[in-house]
$ cat protein39.csv   # CSV, C-alpha atoms
chain,number,residue,atom,x,y,z
A,77,ASP,CA,-11.0,11.9,-6.0
A,78,GLN,CA,-7.7,11.4,-4.2
A,79,GLN,CA,-8.4,11.5,-0.5
A,80,VAL,CA,-4.7,11.2,0.4
A,81,LYS,CA,-2.2,13.3,-1.5
A,82,GLN,CA,1.5,13.3,-1.6
A,83,ASN,CA,2.3,16.3,-3.7
A,84,SER,CA,6.0,15.8,-3.9
A,85,PRO,CA,6.9,13.0,-6.3
A,86,SER,CA,10.5,13.0,-5.1
A,87,LEU,CA,12.9,14.4,-2.5
A,88,SER,CA,16.7,14.5,-2.5
A,89,VAL,CA,18.5,15.0,0.8
A,90,GLN,CA,22.2,14.9,1.9
A,91,GLU,CA,23.2,12.1,4.3
A,92,GLY,CA,23.0,13.3,7.9
A,93,ARG,CA,20.4,16.0,7.3
A,94,ILE,CA,16.7,15.9,8.0
A,95,SER,CA,14.2,14.4,5.5
A,96,ILE,CA,10.6,15.7,5.6
A,97,LEU,CA,7.9,14.0,3.7
A,98,ASN,CA,4.5,15.5,3.5
A,99,CYS,CA,1.0,14.2,3.1
A,100,ASP,CA,-2.4,15.9,3.0
A,101,TYR,CA,-5.8,14.4,3.3
A,102,THR,CA,-9.4,15.4,2.7
A,103,ASN,CA,-11.6,13.0,4.6
A,104,SER,CA,-12.2,14.2,8.1
A,105,MET,CA,-13.4,10.7,9.1
A,106,PHE,CA,-9.8,9.3,8.9
A,107,ASP,CA,-8.8,8.4,12.4
A,108,TYR,CA,-5.5,6.5,11.8
A,109,PHE,CA,-2.5,7.3,9.6
A,110,LEU,CA,0.4,5.2,8.6
A,111,TRP,CA,3.6,5.5,6.7
A,112,TYR,CA,4.9,2.6,4.6
A,113,LYS,CA,8.3,2.3,3.0
A,114,LYS,CA,9.0,0.4,-0.2
A,115,TYR,CA,12.3,-0.7,-1.8
A,116,PRO,CA,12.5,-1.7,-5.5
A,117,ALA,CA,11.2,-5.2,-6.2
A,118,GLU,CA,9.8,-5.5,-2.7
A,119,GLY,CA,6.4,-5.0,-1.2
A,120,PRO,CA,5.7,-2.0,1.1
A,121,THR,CA,6.6,-2.4,4.7
A,122,PHE,CA,5.0,-0.7,7.7
A,123,LEU,CA,7.2,2.1,9.1
A,124,ILE,CA,5.3,4.2,11.7
A,125,SER,CA,1.7,5.2,12.5
A,126,ILE,CA,-0.3,7.7,14.5
A,127,SER,CA,-3.8,7.9,15.8
A,128,SER,CA,-5.9,11.0,15.2
A,129,ILE,CA,-6.0,11.6,19.0
A,130,LYS,CA,-2.3,12.3,19.0
A,131,ASP,CA,-0.2,15.0,17.2
A,132,LYS,CA,3.2,13.3,17.4
A,133,ASN,CA,4.6,9.8,17.4
A,134,GLU,CA,8.3,9.0,17.5
A,135,ASP,CA,10.2,5.8,16.8
A,136,GLY,CA,14.0,6.1,16.7
A,137,ARG,CA,15.0,8.3,13.8
A,138,PHE,CA,11.4,8.5,12.5
A,139,THR,CA,8.8,10.9,13.8
A,140,VAL,CA,5.3,11.5,12.4
A,141,PHE,CA,3.5,14.7,13.1
A,142,LEU,CA,-0.3,15.2,12.6
A,143,ASN,CA,-2.0,18.5,12.2
A,144,LYS,CA,-5.7,17.7,12.2
A,145,SER,CA,-6.9,21.3,11.6
A,146,ALA,CA,-4.8,21.5,8.5
A,147,LYS,CA,-5.5,17.8,7.5
A,148,HIS,CA,-1.8,17.4,7.1
A,149,LEU,CA,0.8,15.0,8.3
A,150,SER,CA,4.5,14.7,7.9
A,151,LEU,CA,7.3,12.2,8.4
A,152,HIS,CA,10.6,13.4,9.7
A,153,ILE,CA,13.7,11.2,9.3
A,154,VAL,CA,16.7,12.4,11.4
A,155,PRO,CA,19.5,11.9,10.6
A,156,SER,CA,18.9,10.6,7.1
A,157,GLN,CA,20.9,7.6,5.9
A,158,PRO,CA,21.6,6.2,2.4
A,159,GLY,CA,19.6,3.1,3.4
A,160,ASP,CA,16.5,5.3,3.8
A,161,SER,CA,16.4,5.8,0.0
A,162,ALA,CA,13.0,4.3,-0.9
A,163,VAL,CA,9.5,5.2,-1.9
A,164,TYR,CA,7.4,6.4,1.1
A,165,PHE,CA,3.6,6.0,1.0
A,166,CYS,CA,1.3,7.8,3.3
A,167,ALA,CA,-1.9,5.9,4.1
A,168,ALA,CA,-5.1,6.7,6.1
A,169,ILE,CA,-8.0,4.7,7.4
A,170,ALA,CA,-11.5,5.5,8.8
A,171,TYR,CA,-12.8,3.2,11.5
A,172,GLY,CA,-13.9,-0.2,10.0
A,173,ASN,CA,-12.8,0.8,6.5
A,174,LYS,CA,-10.0,0.2,4.2
A,175,LEU,CA,-6.6,1.8,3.8
A,176,VAL,CA,-6.3,4.7,1.4
A,177,PHE,CA,-2.8,5.3,0.0
A,178,GLY,CA,-1.1,8.3,-1.4
A,179,ALA,CA,0.8,8.1,-4.7
A,180,GLY,CA,4.2,7.9,-2.9
A,181,THR,CA,7.3,10.1,-2.6
A,182,ILE,CA,10.7,8.9,-3.8
A,183,LEU,CA,13.4,9.8,-1.2
A,184,ARG,CA,17.0,9.8,-2.3
A,185,VAL,CA,19.6,10.2,0.4
A,186,LYS,CA,23.0,11.2,-1.1
A,187,SER,CA,26.2,10.2,0.7
B,55,ASP,CA,7.2,-16.9,9.3
B,56,ALA,CA,7.7,-16.8,5.5
B,57,GLY,CA,5.5,-13.7,5.1
B,58,VAL,CA,3.0,-13.1,2.3
B,59,ILE,CA,3.9,-15.2,-0.7
B,60,GLN,CA,3.0,-14.3,-4.2
B,61,SER,CA,3.4,-16.1,-7.5
B,62,PRO,CA,4.6,-15.6,-10.1
B,63,ARG,CA,7.0,-12.7,-9.4
B,64,HIS,CA,7.0,-11.8,-13.1
B,65,GLU,CA,4.4,-12.5,-15.8
B,66,VAL,CA,4.6,-11.5,-19.4
B,67,THR,CA,1.6,-12.3,-21.6
B,68,GLU,CA,-0.1,-11.2,-24.7
B,69,MET,CA,-3.2,-9.2,-25.0
B,70,GLY,CA,-6.3,-11.3,-24.7
B,71,GLN,CA,-4.8,-14.0,-22.6
B,72,GLU,CA,-6.0,-15.0,-19.2
B,73,VAL,CA,-3.7,-14.2,-16.3
B,74,THR,CA,-3.9,-15.7,-12.8
B,75,LEU,CA,-2.0,-14.2,-9.9
B,76,ARG,CA,-1.7,-16.1,-6.6
B,77,CYS,CA,-1.3,-15.2,-3.0
B,78,LYS,CA,-0.7,-17.1,0.2
B,79,PRO,CA,-1.4,-14.8,3.2
B,80,ILE,CA,0.5,-15.1,6.5
B,81,SER,CA,-0.9,-17.9,8.6
B,82,GLY,CA,-3.5,-16.7,11.1
B,83,HIS,CA,-4.3,-13.5,9.3
B,84,ASN,CA,-8.0,-13.3,8.4
B,85,SER,CA,-8.0,-10.3,6.1
B,86,LEU,CA,-6.5,-10.3,2.6
B,87,PHE,CA,-6.1,-7.4,0.2
B,88,TRP,CA,-5.2,-7.1,-3.5
B,89,TYR,CA,-3.6,-3.8,-4.6
B,90,ARG,CA,-2.4,-2.5,-8.0
B,91,GLN,CA,0.5,-0.1,-8.3
B,92,THR,CA,1.0,2.1,-11.3
B,93,MET,CA,3.1,5.2,-11.9
B,94,MET,CA,0.0,7.3,-12.5
B,95,ARG,CA,-2.2,6.2,-9.7
B,96,GLY,CA,0.1,4.8,-7.0
B,97,LEU,CA,-1.3,2.0,-4.8
B,98,GLU,CA,-4.9,1.3,-5.4
B,99,LEU,CA,-7.0,-1.2,-3.5
B,100,LEU,CA,-8.8,-3.6,-5.8
B,101,ILE,CA,-10.6,-5.9,-3.4
B,102,TYR,CA,-10.4,-7.2,0.1
B,103,PHE,CA,-11.6,-10.3,1.9
B,104,ASN,CA,-12.5,-10.9,5.5
B,105,ASN,CA,-12.6,-14.5,6.7
B,106,ASN,CA,-12.5,-15.5,3.0
B,107,VAL,CA,-15.6,-13.4,2.2
B,108,PRO,CA,-15.2,-10.5,-0.3
B,109,ILE,CA,-16.1,-7.3,1.6
B,110,ASP,CA,-15.4,-4.5,-0.8
B,111,ASP,CA,-14.6,-5.0,-4.5
B,112,SER,CA,-15.4,-1.4,-5.5
B,113,GLY,CA,-11.8,-1.0,-6.7
B,114,MET,CA,-12.0,-3.7,-9.3
B,115,PRO,CA,-11.6,-1.8,-12.5
B,116,GLU,CA,-14.1,-3.9,-14.6
B,117,ASP,CA,-15.6,-7.2,-15.2
B,118,ARG,CA,-12.4,-8.6,-16.7
B,119,PHE,CA,-11.1,-8.7,-13.1
B,120,SER,CA,-12.2,-11.3,-10.6
B,121,ALA,CA,-10.8,-12.5,-7.3
B,122,LYS,CA,-11.5,-15.6,-5.2
B,123,MET,CA,-10.4,-16.8,-1.8
B,124,PRO,CA,-11.5,-20.5,-1.5
B,125,ASN,CA,-9.8,-20.9,1.9
B,126,ALA,CA,-7.9,-19.0,4.5
B,127,SER,CA,-4.5,-19.8,3.0
B,128,PHE,CA,-5.0,-19.0,-0.7
B,129,SER,CA,-6.4,-16.3,-3.0
B,130,THR,CA,-6.3,-15.6,-6.7
B,131,LEU,CA,-6.7,-12.6,-8.9
B,132,LYS,CA,-7.7,-13.3,-12.4
B,133,ILE,CA,-7.7,-11.0,-15.5
B,134,GLN,CA,-9.6,-12.4,-18.5
B,135,PRO,CA,-9.0,-11.1,-21.1
B,136,SER,CA,-5.9,-9.1,-20.3
B,137,GLU,CA,-5.1,-5.8,-21.9
B,138,PRO,CA,-1.9,-3.7,-22.1
B,139,ARG,CA,-3.3,-1.1,-19.7
B,140,ASP,CA,-3.4,-3.9,-17.0
B,141,SER,CA,0.4,-3.8,-16.9
B,142,ALA,CA,1.3,-3.0,-13.3
B,143,VAL,CA,2.7,-4.5,-10.1
B,144,TYR,CA,0.0,-6.3,-8.2
B,145,PHE,CA,0.4,-6.7,-4.5
B,146,CYS,CA,-1.3,-9.0,-2.0
B,147,ALA,CA,-1.4,-8.0,1.7
B,148,SER,CA,-2.8,-9.6,4.8
B,149,ARG,CA,-3.5,-8.6,8.4
B,150,THR,CA,-5.1,-9.8,11.6
B,151,GLY,CA,-8.2,-8.2,13.0
B,152,THR,CA,-11.7,-7.7,11.7
B,153,SER,CA,-13.2,-5.0,9.5
B,154,GLY,CA,-14.1,-3.3,12.8
B,155,SER,CA,-10.5,-2.7,13.8
B,156,SER,CA,-9.2,0.8,13.5
B,157,TYR,CA,-5.5,-0.2,13.5
B,158,ASN,CA,-4.8,-1.8,10.2
B,159,GLU,CA,-1.1,-2.7,9.8
B,160,GLN,CA,-1.0,-4.8,6.6
B,161,PHE,CA,1.9,-7.0,5.6
B,162,PHE,CA,2.6,-7.0,1.9
B,163,GLY,CA,3.9,-9.6,-0.4
B,164,PRO,CA,6.8,-8.9,-2.9
B,165,GLY,CA,4.3,-8.3,-5.7
B,166,THR,CA,3.8,-9.7,-9.2
B,167,ARG,CA,5.0,-7.5,-12.1
B,168,LEU,CA,2.6,-8.0,-14.9
B,169,THR,CA,3.4,-7.0,-18.5
B,170,VAL,CA,0.7,-7.4,-21.1
B,171,LEU,CA,2.0,-6.9,-24.7
$ encode --input "protein39.csv" --output "structure tokens"
Amino acid sequence: DQQVKQNSPSLSVQEGRISILNCDYTNSMFDYFLWYKKYPAEGPTFLISISSIKDKNEDGRFTVFLNKSAKHLSLHIVPSQPGDSAVYFCAAIAYGNKLVFGAGTILRVKS
Amino acid sequence: DAGVIQSPRHEVTEMGQEVTLRCKPISGHNSLFWYRQTMMRGLELLIYFNNNVPIDDSGMPEDRFSAKMPNASFSTLKIQPSEPRDSAVYFCASRTGTSGSSYNEQFFGPGTRLTVL
């Protein structure tokens, strides 16, 4: 049973436009959510996170939105740059438990 | 800091052989995680340790897989005997904090790409 789902395997966006990556979860006990970014031949690196008590967290070009009632979160990248091309993993954690990752979304930013 | 170190980076072996993957966590981190990444299932947690003690190994696929952490600076993941379906990228990650911490930023190593023929 996949508790964290990223339903779009890939996304292609023009440079300078907005990239929106989506993530849905099923476990209402999740209280913290993270996005990781992964380049080929490298390990995932932490990008941005949000606590369940918030609905938005912003860090430069990256903003994560959380809709608890819909059990949905999204990552917005504005403006998108070619260097943002990577695999993006959504992850969630319940207090005192382990990270659960989604399957990932491949983002391609075209110049 | 050198980050999480994994070796080897690539491993090609034949079915039935023993495979040992190695990980050195970031100094001072007391939690260590082993993940497997495949196209079909994405990133799956296999096992994690807290203060060198295995806490949750429910993700270990079967008895052919075993993991050890003899000290705070070293861990191994062993597959014996290996099978073609074990082919994947295996990541090690580490973090500070105890199992009671809600914030859980993990730092990943570069991974070991395993191919079992």
$ residues_around --input "protein39.csv" --residues "B:Glu137" --least-positions-apart "4" --cutoff "7 Å" --atoms "only C-alpha atoms" --output "PDB file with C-alpha atoms, in the frame of the given file"
ATOM      1  CA  MET B  69      -3.200  -9.200 -25.000  1.00  0.00           C
ATOM      2  CA  GLY B  70      -6.300 -11.300 -24.700  1.00  0.00           C
ATOM      3  CA  VAL B 170       0.700  -7.400 -21.100  1.00  0.00           C
TER       4      VAL B 170
END
$ closest_residue --input "protein39.csv" --among "B:Pro79, B:Gly151, B:Gly96, B:Pro135" --to "chain A" --atoms "only C-alpha atoms"
B:Gly96
$ closest_residue --input "protein39.csv" --among "A:Trp111, A:Lys132, A:Thr102, A:Lys186" --to "B:Glu159" --atoms "only C-alpha atoms"
A:Trp111
$ atom_distance --input "protein39.csv" --atom1 "atom CA of A:Arg93" --atom2 "atom CA of A:Lys130"
25.8 Å
$ closest_residue --input "protein39.csv" --among "A:Leu97, A:Tyr108, A:Lys114, A:Pro85" --to "B:Phe145" --atoms "only C-alpha atoms"
A:Lys114
$ closest_residue --input "protein39.csv" --among "B:Gln91, B:Thr150, B:Ser120, B:Ser127" --to "chain A" --atoms "only C-alpha atoms"
B:Gln91
$ closest_atom_pairs --input "protein39.csv" --of "chain A" --to "chain B" --cutoff "8 Å" --atoms "all atoms listed in the file" --output "JSON lines"
{"residue": "A:Asp107", "atom": "CA", "partner": "B:Ser156", "partner_atom": "CA", "distance": 7.7}
{"residue": "A:Tyr108", "atom": "CA", "partner": "B:Tyr157", "partner_atom": "CA", "distance": 6.9}
{"residue": "A:Ala117", "atom": "CA", "partner": "B:Pro164", "partner_atom": "CA", "distance": 6.6}
{"residue": "A:Glu118", "atom": "CA", "partner": "B:Pro164", "partner_atom": "CA", "distance": 4.5}
{"residue": "A:Gly119", "atom": "CA", "partner": "B:Pro164", "partner_atom": "CA", "distance": 4.3}
{"residue": "A:Pro120", "atom": "CA", "partner": "B:Phe162", "partner_atom": "CA", "distance": 5.9}
{"residue": "A:Thr121", "atom": "CA", "partner": "B:Phe161", "partner_atom": "CA", "distance": 6.6}
{"residue": "A:Phe122", "atom": "CA", "partner": "B:Glu159", "partner_atom": "CA", "distance": 6.8}
{"residue": "A:Ile169", "atom": "CA", "partner": "B:Ser156", "partner_atom": "CA", "distance": 7.3}
{"residue": "A:Ala170", "atom": "CA", "partner": "B:Ser156", "partner_atom": "CA", "distance": 7.0}
{"residue": "A:Tyr171", "atom": "CA", "partner": "B:Ser156", "partner_atom": "CA", "distance": 4.8}
{"residue": "A:Gly172", "atom": "CA", "partner": "B:Gly154", "partner_atom": "CA", "distance": 4.2}
{"residue": "A:Asn173", "atom": "CA", "partner": "B:Ser153", "partner_atom": "CA", "distance": 6.5}
{"residue": "A:Leu175", "atom": "CA", "partner": "B:Asn158", "partner_atom": "CA", "distance": 7.6}
{"residue": "A:Val176", "atom": "CA", "partner": "B:Leu99", "partner_atom": "CA", "distance": 7.7}
{"residue": "A:Phe177", "atom": "CA", "partner": "B:Leu97", "partner_atom": "CA", "distance": 6.0}
{"residue": "A:Gly178", "atom": "CA", "partner": "B:Gly96", "partner_atom": "CA", "distance": 6.7}
{"residue": "A:Ala179", "atom": "CA", "partner": "B:Gly96", "partner_atom": "CA", "distance": 4.1}
{"residue": "A:Gly180", "atom": "CA", "partner": "B:Gly96", "partner_atom": "CA", "distance": 6.6}
